[in-house]
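Visitor: This is upload_18.cif (mmCIF, C-alpha atoms).
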```cif
data_my_file
#
loop_
_atom_site.label_atom_id
_atom_site.label_comp_id
_atom_site.auth_asym_id
_atom_site.auth_seq_id
_atom_site.Cartn_x
_atom_site.Cartn_y
_atom_site.Cartn_z
CA MET A 224 32.64 -102.67 150.39
CA ARG A 225 35.82 -103.68 148.69
CA ALA A 226 34.95 -104.37 145.10
CA ALA A 227 35.19 -101.66 142.49
CA LEU A 228 31.73 -102.15 141.13
CA ALA A 229 30.28 -102.55 144.61
CA ILE A 230 31.71 -99.14 145.45
CA LEU A 231 30.66 -97.75 142.10
CA LEU A 232 27.13 -99.06 142.43
CA SER A 233 26.78 -97.92 146.02
CA THR A 234 28.03 -94.48 145.04
CA ALA A 235 25.73 -94.33 142.04
CA ALA A 236 22.80 -95.73 144.01
CA LEU A 237 22.25 -92.35 145.63
CA THR A 238 21.73 -90.77 142.22
CA ILE A 239 20.68 -93.59 139.86
CA ALA A 240 17.44 -95.43 140.41
CA GLY A 241 17.39 -99.08 139.45
CA GLY A 242 14.59 -100.94 137.74
CA ALA A 243 13.65 -102.60 134.52
CA GLY A 244 13.42 -100.60 131.33
CA GLY A 245 13.82 -100.58 127.58
CA CYS A 246 17.11 -100.72 125.76
CA VAL A 247 16.80 -97.45 123.86
CA THR A 248 17.70 -94.00 125.12
CA GLU A 249 15.07 -91.54 126.22
CA VAL A 250 15.71 -87.98 125.12
CA VAL A 251 14.57 -85.22 127.41
CA PRO A 252 14.60 -81.49 126.61
CA VAL A 253 17.19 -79.41 128.42
CA ARG A 254 15.64 -76.77 130.62
CA SER A 255 17.27 -73.38 130.26
CA ALA A 256 18.34 -71.68 133.44
CA GLY A 257 17.22 -68.35 132.04
CA ASP A 258 19.34 -65.26 131.61
CA GLY A 259 20.89 -65.00 135.07
CA PRO A 260 24.63 -64.34 135.22
CA ALA A 261 27.03 -67.24 135.13
CA ASN A 262 30.06 -64.95 135.25
CA GLY A 263 28.65 -61.49 134.91
CA PRO A 264 26.06 -60.77 132.21
CA MET A 265 25.23 -63.76 130.05
CA ASN A 266 25.95 -62.96 126.40
CA THR A 267 24.51 -66.08 124.79
CA ARG A 268 21.23 -67.96 124.93
CA VAL A 269 21.27 -71.72 125.19
CA PRO A 270 20.21 -73.18 121.83
CA VAL A 271 17.04 -75.21 122.00
CA GLY A 272 17.40 -78.60 120.34
CA THR A 273 14.76 -80.81 118.80
CA THR A 274 13.54 -83.60 121.06
CA LEU A 275 14.38 -86.87 119.35
CA THR A 276 12.03 -89.84 119.16
CA PRO A 277 13.55 -93.04 120.65
CA SER A 278 14.17 -95.74 118.09
CA GLY A 279 11.61 -98.51 117.88
CA ALA A 280 14.02 -100.91 116.21
CA THR A 281 14.31 -104.39 117.61
CA SER A 282 17.47 -105.51 115.80
CA THR A 283 20.55 -106.17 117.91
CA THR A 284 23.95 -104.61 117.33
CA ARG A 285 26.32 -107.37 116.20
CA VAL A 286 29.74 -107.34 117.83
CA ALA A 287 31.82 -109.87 119.76
CA ALA A 288 34.58 -109.51 122.34
CA ALA A 289 37.95 -111.21 122.69
CA ILE A 290 39.12 -111.11 126.33
CA LYS A 291 42.69 -111.23 127.64
CA PRO A 292 43.43 -111.09 131.40
CA LEU A 293 46.34 -108.79 132.26
CA GLY A 294 46.56 -109.14 136.04
CA GLU A 295 45.24 -107.49 139.19
CA VAL A 296 45.72 -104.09 140.80
CA PRO A 297 45.03 -102.94 144.37
CA TYR A 298 43.07 -99.79 145.16
CA ASP A 299 41.61 -98.11 148.23
CA GLY A 300 38.06 -99.36 147.70
CA LEU A 301 36.69 -95.98 146.54
CA THR A 302 38.97 -94.10 144.15
CA LEU A 303 38.57 -95.58 140.67
CA PRO A 304 41.82 -96.03 138.70
CA LEU A 305 43.00 -93.87 135.81
CA VAL A 306 44.03 -95.32 132.44
CA THR A 307 46.39 -93.34 130.21
CA PRO A 308 45.06 -92.65 126.70
CA ASP A 309 47.68 -94.93 125.13
CA GLY A 310 46.60 -97.81 127.38
CA ARG A 311 50.13 -98.27 128.67
CA TRP A 312 49.57 -97.32 132.33
CA ILE A 313 46.96 -97.93 135.00
CA VAL A 314 47.25 -95.70 138.07
CA THR A 315 45.57 -96.45 141.39
CA GLN A 316 45.30 -94.98 144.87
CA VAL A 317 46.01 -97.38 147.71
CA GLY A 318 45.79 -97.25 151.49
CA SER A 319 42.94 -96.44 153.82
CA LEU A 320 39.75 -94.81 152.61
CA PRO A 321 40.29 -91.03 152.55
CA PRO A 322 37.78 -88.97 154.57
CA TRP A 323 35.01 -87.32 152.58
CA GLU A 324 36.45 -83.90 153.39
CA SER A 325 39.55 -84.90 151.43
CA VAL A 326 37.58 -86.51 148.58
CA LEU A 327 35.40 -83.41 148.15
CA ALA A 328 38.19 -80.88 148.88
CA GLU A 329 36.16 -79.43 151.76
CA SER A 330 37.23 -77.67 154.91
CA GLY A 331 38.72 -80.15 157.36
CA ALA A 332 40.66 -82.10 154.72
CA VAL A 333 43.98 -83.24 156.11
CA PRO A 334 46.92 -85.25 154.74
CA VAL A 335 46.38 -89.01 154.86
CA PRO A 336 49.83 -90.56 155.42
CA SER A 337 48.53 -94.06 154.70
CA ASN A 338 47.58 -93.10 151.13
CA ALA A 339 49.92 -93.51 148.16
CA ILE A 340 49.78 -93.77 144.38
CA VAL A 341 50.80 -96.91 142.49
CA ALA A 342 51.40 -97.15 138.73
CA PHE A 343 51.23 -100.35 136.70
CA GLU A 344 52.70 -100.59 133.22
CA ILE A 345 51.26 -103.03 130.69
CA VAL A 346 54.25 -104.85 129.21
CA ASP A 347 53.99 -107.87 126.93
CA GLY A 348 50.38 -108.46 127.89
CA ALA A 349 50.93 -108.34 131.67
CA LEU A 350 50.90 -105.76 134.46
CA ARG A 351 54.23 -104.64 135.93
CA THR A 352 54.45 -102.40 138.99
CA ALA A 353 56.60 -99.31 138.43
CA PRO A 354 59.83 -99.76 140.45
CA TRP A 355 59.38 -96.49 142.34
CA ALA A 356 55.93 -97.66 143.52
CA VAL A 357 57.39 -100.64 145.43
CA PRO A 358 58.31 -99.10 148.79
CA SER A 359 60.84 -100.46 151.23
CA ALA A 360 61.98 -99.55 154.73
CA GLU A 361 64.87 -97.60 153.22
CA THR A 362 62.95 -96.03 150.34
CA PRO A 363 59.33 -95.12 151.05
CA SER A 364 57.01 -94.30 148.18
CA PRO A 365 57.49 -90.75 146.88
CA THR A 366 53.70 -90.41 146.69
CA VAL A 367 52.86 -91.00 150.38
CA GLY A 368 50.03 -88.68 151.42
CA LEU A 369 49.00 -87.80 147.88
CA LEU A 370 45.56 -88.28 146.35
CA LEU A 371 45.03 -89.50 142.80
CA GLY A 372 43.80 -86.77 140.51
CA ARG A 373 41.10 -86.84 137.84
CA SER A 374 43.02 -87.11 134.57
CA ALA A 375 46.04 -88.81 133.03
CA GLU A 376 47.93 -88.46 129.79
CA ASN A 377 50.59 -90.63 128.22
CA GLY A 378 53.31 -91.03 130.84
CA TRP A 379 51.81 -89.03 133.70
CA ALA A 380 48.82 -88.60 136.01
CA LEU A 381 47.57 -85.70 138.08
CA VAL A 382 47.85 -85.85 141.86
CA GLU A 383 46.65 -83.60 144.68
CA ARG A 384 48.24 -82.88 148.04
CA PRO A 385 46.15 -81.71 151.01
CA ASN A 386 48.39 -79.74 153.37
CA GLU A 387 48.28 -79.26 157.13
CA ASP A 388 47.38 -75.56 156.74
CA GLY A 389 44.26 -76.45 154.75
CA SER A 390 45.70 -75.56 151.35
CA ARG A 391 45.84 -78.04 148.48
CA TRP A 392 48.39 -78.34 145.67
CA LEU A 393 48.14 -79.84 142.21
CA GLY A 394 50.95 -81.87 140.67
CA ARG A 395 51.85 -84.03 137.70
CA LEU A 396 53.26 -87.47 138.54
CA ASP A 397 55.80 -88.96 136.13
CA LEU A 398 54.70 -92.59 135.93
CA ALA A 399 58.14 -93.84 134.88
CA THR A 400 60.15 -92.14 137.66
CA GLY A 401 57.66 -91.33 140.45
CA GLU A 402 58.75 -87.69 140.44
CA VAL A 403 56.10 -85.03 141.02
CA GLU A 404 56.16 -81.65 139.30
CA TRP A 405 53.98 -79.18 141.21
CA LEU A 406 51.84 -77.20 138.79
CA VAL A 407 49.81 -75.15 141.29
CA GLN A 408 50.95 -74.31 144.82
CA GLY A 409 50.16 -71.50 147.25
CA GLU A 410 47.78 -70.90 150.13
CA ALA A 411 44.47 -71.65 148.36
CA VAL A 412 42.55 -74.93 148.05
CA ASN A 413 43.20 -76.02 144.45
CA ALA A 414 41.38 -79.22 143.51
CA GLN A 415 39.50 -81.38 141.00
CA ALA A 416 41.95 -80.65 138.19
CA LEU A 417 41.96 -81.75 134.57
CA LEU A 418 45.02 -81.33 132.34
CA LEU A 419 44.06 -81.22 128.68
CA ARG A 420 46.10 -82.52 125.77
CA ASP A 421 47.21 -79.03 124.77
CA GLY A 422 48.46 -78.30 128.29
CA THR A 423 45.44 -76.29 129.46
CA LEU A 424 44.88 -76.82 133.19
CA ILE A 425 41.31 -76.64 134.53
CA TYR A 426 40.61 -76.77 138.26
CA THR A 427 38.60 -75.32 141.13
CA ARG A 428 39.95 -72.88 143.68
CA ARG A 429 38.70 -71.47 146.95
CA ALA A 430 40.21 -69.72 149.93
CA VAL A 431 40.90 -71.82 153.04
CA GLY A 432 37.84 -71.72 155.28
CA GLU A 433 35.53 -70.38 152.56
CA PRO A 434 32.86 -72.65 151.02
CA ALA A 435 32.50 -70.79 147.70
CA SER A 436 34.85 -71.78 144.90
CA LYS A 437 35.54 -70.70 141.33
CA LEU A 438 36.64 -72.43 138.16
CA ILE A 439 40.13 -71.66 136.88
CA ILE A 440 41.07 -72.21 133.24
CA GLN A 441 44.81 -71.81 132.86
CA ALA A 442 45.99 -71.62 129.27
CA ALA A 443 48.58 -74.09 127.99
CA LEU A 444 51.55 -74.20 130.33
CA PRO A 445 54.71 -72.60 128.94
CA PHE A 446 57.86 -74.69 129.12
CA ASP A 447 61.37 -73.56 129.89
CA ALA A 448 64.53 -74.84 128.20
CA LEU A 449 64.70 -77.82 130.57
CA GLY A 450 61.21 -78.99 129.63
CA THR A 451 59.61 -78.20 132.98
CA SER A 452 56.58 -75.96 133.22
CA ALA A 453 57.23 -72.33 134.10
CA PRO A 454 54.86 -70.25 136.26
CA ALA A 455 51.84 -69.12 134.26
CA PRO A 456 51.51 -65.36 133.66
CA ALA A 457 48.41 -63.80 135.16
CA ALA A 458 47.03 -63.16 131.67
CA GLN A 459 46.83 -66.89 131.09
CA LEU A 460 44.49 -67.43 134.05
CA ARG A 461 40.75 -66.99 133.54
CA SER A 462 38.31 -67.51 136.41
CA ILE A 463 34.57 -68.10 136.41
CA GLN A 464 32.74 -67.43 139.64
CA ARG A 465 29.57 -66.22 141.36
CA ASP A 466 29.25 -64.81 144.83
CA GLY A 467 28.29 -67.55 147.28
CA TRP A 468 28.35 -70.36 144.68
CA ARG A 469 30.52 -73.44 144.63
CA PHE A 470 31.90 -74.53 141.24
CA CYS A 471 32.88 -78.19 141.24
CA GLN A 472 33.49 -81.47 139.40
CA PRO A 473 34.54 -80.30 135.91
CA VAL A 474 34.47 -82.84 133.06
CA THR A 475 35.38 -82.48 129.38
CA THR A 476 34.12 -83.72 126.06
CA PRO A 477 36.37 -86.22 124.22
CA ASP A 478 37.51 -83.51 121.81
CA GLN A 479 38.13 -81.23 124.83
CA SER A 480 36.32 -78.34 123.13
CA ILE A 481 33.91 -78.04 126.08
CA VAL A 482 34.27 -78.27 129.84
CA ALA A 483 31.11 -78.84 131.90
CA LEU A 484 30.75 -78.42 135.64
CA LEU A 485 28.22 -78.13 138.43
CA ALA A 486 27.55 -74.80 140.14
CA ILE A 487 25.89 -75.12 143.55
CA SER A 488 24.30 -72.58 145.85
CA ALA A 489 22.28 -73.04 149.04
CA GLN A 490 19.01 -72.90 147.06
CA GLU A 491 19.76 -74.46 143.65
CA ALA A 492 22.30 -75.89 141.26
CA GLU A 493 23.11 -75.52 137.60
CA LEU A 494 24.93 -77.59 135.00
CA LEU A 495 27.13 -75.27 132.94
CA ALA A 496 29.19 -75.84 129.79
CA TYR A 497 31.98 -73.53 128.63
CA SER A 498 34.03 -73.50 125.45
CA THR A 499 37.74 -74.13 125.93
CA THR A 500 38.52 -72.44 122.60
CA GLN A 501 36.16 -69.43 122.38
CA LEU A 502 35.92 -66.31 124.52
CA ASP A 503 33.00 -63.96 125.06
CA ALA A 504 33.08 -60.18 124.77
CA ALA A 505 34.48 -59.91 128.28
CA GLY A 506 37.40 -62.20 127.43
CA LEU A 507 36.03 -65.10 129.46
CA PRO A 508 35.28 -68.65 128.25
CA LEU A 509 32.08 -68.62 126.20
CA LEU A 510 29.05 -70.19 127.89
CA VAL A 511 27.62 -72.70 125.39
CA GLY A 512 25.20 -74.75 127.48
CA ARG A 513 23.21 -74.41 130.67
CA GLN A 514 20.65 -76.46 132.58
CA SER A 515 18.80 -75.60 135.77
CA LEU A 516 18.78 -78.25 138.50
CA GLY A 517 17.23 -78.55 141.92
CA GLN A 518 19.12 -78.44 145.17
CA MET A 519 22.34 -80.45 145.20
CA SER A 520 25.07 -81.15 147.73
CA ALA A 521 28.79 -81.38 147.00
CA ALA A 522 28.58 -85.14 147.63
CA ALA A 523 25.79 -85.48 145.05
CA ALA A 524 27.88 -83.53 142.55
CA TYR A 525 30.74 -85.95 143.13
CA GLN A 526 28.40 -88.89 142.60
CA SER A 527 27.20 -87.35 139.33
CA VAL A 528 30.61 -87.86 137.72
CA ALA A 529 31.96 -90.80 139.75
CA PRO A 530 31.04 -93.48 137.16
CA VAL A 531 32.56 -91.71 134.12
CA GLU A 532 35.90 -90.66 132.68
CA THR A 533 36.18 -87.00 133.63
CA CYS A 534 38.76 -86.39 130.89
CA PRO A 535 37.87 -89.03 128.26
CA PRO A 536 40.23 -90.00 125.42
CA ALA A 537 39.78 -88.50 121.98
CA ILE A 538 37.44 -90.18 119.50
CA ASP A 539 36.65 -89.30 115.90
CA SER A 540 32.88 -89.77 115.99
CA GLU A 541 29.67 -87.81 116.51
CA LEU A 542 30.04 -88.40 120.26
CA LYS A 543 33.23 -86.30 120.46
CA SER A 544 31.44 -83.20 121.80
CA THR A 545 29.18 -84.88 124.38
CA ILE A 546 29.28 -85.01 128.17
CA LEU A 547 28.56 -88.19 130.15
CA MET A 548 27.27 -87.76 133.70
CA VAL A 549 24.36 -88.65 135.94
CA ASN A 550 21.26 -86.56 135.23
CA ALA A 551 20.21 -85.43 138.69
CA ASP A 552 16.57 -84.85 137.73
CA ARG A 553 16.03 -88.34 136.31
CA ARG A 554 18.62 -90.12 138.49
CA ARG A 555 20.08 -91.89 135.48
CA LEU A 556 23.31 -91.83 133.54
CA ALA A 557 22.89 -89.51 130.59
CA MET A 558 24.70 -88.05 127.61
CA TRP A 559 24.41 -84.27 127.38
CA ASP A 560 25.01 -82.41 124.13
CA PRO A 561 25.36 -78.76 125.22
CA ILE A 562 25.34 -77.38 121.67
CA ARG A 563 22.20 -79.23 120.57
CA ALA A 564 20.67 -78.82 124.05
CA THR A 565 19.58 -82.45 124.41
CA MET A 566 19.97 -84.85 127.32
CA ASN A 567 19.89 -88.51 126.23
CA LEU A 568 19.12 -90.83 129.12
CA LEU A 569 20.83 -94.20 128.91
CA PRO A 570 18.98 -97.44 129.76
CA VAL A 571 17.77 -97.55 133.36
CA ASN A 572 20.21 -100.13 134.68
CA VAL A 573 23.35 -98.54 133.20
CA MET A 574 25.77 -97.44 135.93
CA ALA A 575 28.85 -96.53 133.87
CA ALA A 576 29.75 -96.06 130.22
CA THR A 577 32.59 -95.15 127.88
CA ARG A 578 32.65 -94.08 124.26
CA VAL A 579 34.43 -96.19 121.63
CA HIS A 580 35.12 -95.71 117.93
CA SER A 581 36.80 -98.14 115.55
CA PRO A 582 36.15 -99.77 112.17
CA ILE A 583 34.45 -102.63 114.04
CA ALA A 584 32.38 -100.72 116.58
CA SER A 585 31.41 -97.10 117.18
CA GLY A 586 29.13 -96.18 120.06
CA LEU A 587 28.90 -96.78 123.80
CA VAL A 588 30.14 -99.60 126.01
CA MET A 589 27.74 -99.61 128.95
CA ALA A 590 28.05 -101.37 132.31
CA SER A 591 25.13 -102.49 134.43
CA SER A 592 24.73 -104.91 137.31
CA LYS A 593 23.85 -107.57 134.73
CA GLY A 594 26.76 -107.21 132.36
CA LEU A 595 28.72 -105.22 129.80
CA ASP A 596 26.91 -104.17 126.62
CA PHE A 597 27.90 -102.42 123.40
CA TRP A 598 25.38 -100.10 121.77
CA SER A 599 25.84 -98.38 118.40
CA GLY A 600 22.91 -96.05 118.94
CA LEU A 601 20.59 -98.09 116.71
CA GLY A 602 18.56 -101.12 117.64
CA LEU A 603 19.26 -102.99 120.86
CA PRO A 604 22.59 -103.30 122.71
CA ALA A 605 24.76 -106.40 122.26
CA ARG A 606 25.85 -108.23 125.40
CA LEU A 607 29.64 -108.52 125.53
CA LEU A 608 30.07 -110.08 128.98
CA ALA A 609 27.91 -111.07 131.92
CA GLY A 610 28.93 -109.77 135.33
CA SER A 611 30.02 -106.49 136.92
CA TYR A 612 32.68 -104.47 135.12
CA LEU A 613 33.91 -100.90 134.85
CA PRO A 614 34.81 -100.00 131.22
CA ARG A 615 37.62 -97.62 130.27
CA SER A 616 38.61 -96.82 126.69
CA TYR A 617 41.97 -95.84 125.22
CA GLY A 618 43.73 -95.70 121.87
CA SER A 619 43.73 -93.33 118.90
CA PRO A 620 40.74 -91.21 117.83
CA GLU A 621 40.20 -93.58 114.89
CA GLY A 622 40.74 -96.81 116.80
CA SER A 623 39.46 -97.12 120.36
CA GLN A 624 40.39 -100.08 122.50
CA LEU A 625 38.98 -101.18 125.82
CA LEU A 626 40.13 -102.16 129.29
CA ILE A 627 37.65 -103.41 131.86
CA LEU A 628 38.07 -103.63 135.62
CA SER A 629 36.40 -106.45 137.49
CA PRO A 630 36.01 -106.64 141.30
CA GLN A 631 37.70 -109.52 143.09
CA THR A 632 35.43 -110.11 146.05
CA GLU A 633 37.48 -113.02 147.36
CA SER A 634 40.59 -110.86 147.87
CA ALA A 635 41.58 -109.86 151.39
CA ALA A 636 42.15 -106.25 150.26
CA PRO A 637 40.30 -104.20 147.61
CA THR A 638 41.50 -105.54 144.27
CA LEU A 639 40.51 -105.15 140.63
CA ARG A 640 41.15 -107.66 137.89
CA VAL A 641 42.20 -105.97 134.65
CA LEU A 642 41.18 -107.41 131.29
CA ALA A 643 41.90 -106.20 127.78
CA VAL A 644 38.88 -106.40 125.48
CA GLU A 645 39.10 -106.45 121.72
CA MET A 646 35.78 -105.91 119.97
CA VAL A 647 35.65 -108.01 116.82
CA ALA A 648 33.14 -108.83 114.14
CA PRO A 649 31.12 -111.89 115.16
CA THR A 650 31.64 -115.18 113.40
CA PRO A 651 28.84 -115.71 110.83
#
```
Can the structure in the file be given as structure tokens, please?
Guide:
Amino acid sequence: MRAALAILLSTAALTIAGGAGGCVTEVVPVRSAGDGPANGPMNTRVPVGTTLTPSGATSTTRVAAAIKPLGEVPYDGLTLPLVTPDGRWIVTQVGSLPPWESVLAESGAVPVPSNAIVAFEIVDGALRTAPWAVPSAETPSPTVGLLLGRSAENGWALVERPNEDGSRWLGRLDLATGEVEWLVQGEAVNAQALLLRDGTLIYTRRAVGEPASKLIIQAALPFDALGTSAPAPAAQLRSIQRDGWRFCQPVTTPDQSIVALLAISAQEAELLAYSTTQLDAAGLPLLVGRQSLGQMSAAAAYQSVAPVETCPPAIDSELKSTILMVNADRRRLAMWDPIRATMNLLPVNVMAATRVHSPIASGLVMASSKGLDFWSGLGLPARLLAGSYLPRSYGSPEGSQLLILSPQTESAAPTLRVLAVEMVAPTP
């Protein structure tokens, strides 16, 4: 399958059940996982929120969309592109499909020489390939063999490098020059990283050949006089782990105050949420939310976050401390509020979503197989476009903007059409 949404839908199909349904969210209570240790003794109980009653309103949110095509970008048919928060860059992974061992950072992952990273800058309303990303016989791409990471900031994107010895490094790719600064090296398997706006680096780590992994939260990277990151002192590294458990697929809230992740054992799985700003009595990130799940594989964990932005841009709205991911119990995309302990299920057909906030529209842009909808949280969603799209937001916390990616099924190679969407007040 070569189209972005075909890949997205096929990936999500293993965890999201299709079918007809209403256009309001269903709120389900979060089930506590009890008092078992998440990283030693648990020092906080998960707050129990009030189950909300779905709205019975039948009015439709009023908003319109102005569409501007920007161009097309190639990708590998699986790895969804990253968009920088300022909307200036789109970063894709091209080449052959990486093996699942590489995608999931499992044992057996090897370098894939046919893979490379390509960056496209939006200039004067059109896409322009970064000069370093246009290889030649004399000058191959500096990103050959790298995998696209899970977050981007203005001017850079994270990349990962599987090595022949089984280890895996984490780097920051300068989108203007193609140079890679290696943030984490060594003999371990370091993967699934997020780099927050304040410089905090969050990633998973395991020993080569060992299935269990832990979560690493590395405090803001210090910088030397040349502006490059210096090695982090040991005191800046905090790890969260359990014997025999695999910690994987971290995602953050838009305000980056919380990081959520999946913890998997042979018998069960849990959804955990940790504060990025508060520590517990043991000096570890404070556990602020927890939900017990059934059995889950590493592939299912990957599919739980595949449709969403794992490090979403900042927004100044009530959605700033929520987590978007697939609810494994209900097999539907959901919005989790760890503090209020509620899990809001989105409409049944929704496969992907992004949060937006502006004077014109504040709420969710949701993608289904039928089209792209905007929903303010009240009444019924408003249809923006018919067809299959993947929405990605960018902009300032007070003024979100939107890019959408549309599959080009007639292309010989996997290709996405990029469109800028401006949400405007409808004409009376």
Visitor: Do you have the atom CA of A:Gly401-atom CA of A:Ala332 distance handy?
Guide: 24.0 Å
Visitor: Just say which residues the PyMOL selection byres ((chain A and resi 578) around 9) picks in this file, as a ChimeraX atom specification.
Guide: /A:477,535-536,538,542-543,576-577,579-580,585-589,615-616,623
Visitor: Let me see the file: selected residues, C-alpha atoms, as an mmCIF file, keeping the file's coordinate frame.
Guide:
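Final output, again.cif:
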```
data_model
loop_
_atom_site.group_PDB
_atom_site.id
_atom_site.type_symbol
_atom_site.label_atom_id
_atom_site.label_comp_id
_atom_site.auth_asym_id
_atom_site.auth_seq_id
_atom_site.Cartn_x
_atom_site.Cartn_y
_atom_site.Cartn_z
ATOM 1 C CA PRO A 477 36.370 -86.220 124.220
ATOM 2 C CA PRO A 535 37.870 -89.030 128.260
ATOM 3 C CA PRO A 536 40.230 -90.000 125.420
ATOM 4 C CA ILE A 538 37.440 -90.180 119.500
ATOM 5 C CA LEU A 542 30.040 -88.400 120.260
ATOM 6 C CA LYS A 543 33.230 -86.300 120.460
ATOM 7 C CA ALA A 576 29.750 -96.060 130.220
ATOM 8 C CA THR A 577 32.590 -95.150 127.880
ATOM 9 C CA VAL A 579 34.430 -96.190 121.630
ATOM 10 C CA HIS A 580 35.120 -95.710 117.930
ATOM 11 C CA SER A 585 31.410 -97.100 117.180
ATOM 12 C CA GLY A 586 29.130 -96.180 120.060
ATOM 13 C CA LEU A 587 28.900 -96.780 123.800
ATOM 14 C CA VAL A 588 30.140 -99.600 126.010
ATOM 15 C CA MET A 589 27.740 -99.610 128.950
ATOM 16 C CA ARG A 615 37.620 -97.620 130.270
ATOM 17 C CA SER A 616 38.610 -96.820 126.690
ATOM 18 C CA SER A 623 39.460 -97.120 120.360
#
```
Visitor: Just so the selection is clear, what residues does the PyMOL selection byres ((chain A and resi 350-362) around 10) cover here, as a ChimeraX atom specification?
Guide: /A:292-296,311-314,339-349,363-367,398-402,641
Visitor: If I take atom CA of A:Ser540 and atom CA of A:Met558, how far is one from the other in Å, to one decimal?
Guide: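 About the pair atom CA of A:Ser540 and atom CA of A:Met558: they are 14.3 Å apart.
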Visitor: Please write as a PyMOL selection string the full residue list that the PyMOL selection byres ((chain A and resi 377) around 7) yields on this file.
Guide: chain A and resi 307-309+375-376+378-379
Visitor: Could you work out how far atom CA of A:Tyr497 lies from atom CA of A:Arg395, giving the answer in Å with one decimal?
Guide: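 These two atoms are separated by 24.2 Å.
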Visitor: Which residues of stretch 350-451 of chain A sit at most 10 Å from stretch 318-330 of chain A, using all atoms listed in the file? Give each one's shortest atom pair and distance in Å (one decimal place), in chain and ascending residue order, as CSV.
Guide:
```
residue,atom,partner,partner_atom,distance
A:Val367,CA,A:Gly318,CA,9.5
A:Gly368,CA,A:Gly318,CA,9.6
A:Leu370,CA,A:Val326,CA,8.5
A:Leu371,CA,A:Val326,CA,9.9
A:Glu383,CA,A:Ala328,CA,9.8
A:Arg384,CA,A:Ser325,CA,9.5
A:Pro385,CA,A:Ser325,CA,7.3
A:Gly389,CA,A:Ser330,CA,7.1
A:Ser390,CA,A:Ser330,CA,9.4
A:Arg391,CA,A:Ala328,CA,8.2
A:Val412,CA,A:Ala328,CA,7.4
A:Asn413,CA,A:Ala328,CA,8.3
A:Ala414,CA,A:Ala328,CA,6.5
A:Gln415,CA,A:Ala328,CA,8.0
A:Thr427,CA,A:Ala328,CA,9.5
A:Arg428,CA,A:Ala328,CA,9.7
A:Arg429,CA,A:Ala328,CA,9.6
A:Ala430,CA,A:Ser330,CA,9.8
A:Val431,CA,A:Ser330,CA,7.2
A:Gly432,CA,A:Ser330,CA,6.0
A:Glu433,CA,A:Ser330,CA,7.8
A:Pro434,CA,A:Glu329,CA,7.6
```
Visitor: Rank nothing, just name the residue among A:Cys471, A:Ala504, A:Val511, A:Asp397 nearest to A:Ala492, using all atoms listed in the file.
Guide: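 Nearest to A:Ala492: A:Cys471.
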Visitor: As a list of chain:residue names, please: the residues near A:Ala442 (cut-off 7 Å, all atoms listed in the file, same-chain neighbours under 2 positions excluded).
Guide: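 In the requested form, the answer reads A:Thr423, A:Leu424, A:Ile440, A:Leu444, A:Gln459, A:Leu460.
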Visitor: Considering all atoms listed in the file, tabulate each residue of stretch 285-349 of chain A that lies at most 12 Å from stretch 603-610 of chain A along with its nearest interatomic pair and the corresponding distance in Å to one decimal; arrange the rows by chain and ascending residue number and present them as a Markdown table.
Guide:
```
| residue | atom | partner | partner_atom | distance |
| --- | --- | --- | --- | --- |
| A:Arg285 | CA | A:Ala605 | CA | 6.3 |
| A:Val286 | CA | A:Ala605 | CA | 6.7 |
| A:Ala287 | CA | A:Leu607 | CA | 6.3 |
| A:Ala288 | CA | A:Leu607 | CA | 6.0 |
| A:Ala289 | CA | A:Leu607 | CA | 9.2 |
| A:Ile290 | CA | A:Leu608 | CA | 9.5 |
```
Visitor: Kindly indicate which residue among A:Gln472, A:Asn572, A:Thr315, A:Asn550 lies nearest to A:Ala524, using only C-alpha atoms for the distances.
Guide: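 Of A:Gln472, A:Asn572, A:Thr315, A:Asn550, the one nearest A:Ala524 is A:Gln472, counting only C-alpha atoms.
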Visitor: Quick one: of A:Thr565, A:Ser581, A:Gln441, A:Thr533, who's nearest to A:Val474, counting all atoms listed in the file?
Guide: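 The shortest atom-to-atom distance to A:Val474 comes from A:Thr533.
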Visitor: Which residue out of A:Gly310, A:Pro570, A:Pro561, A:Gly517 has the minimum interatomic distance to A:Thr475 when only C-alpha atoms are used?
Guide: A:Pro561
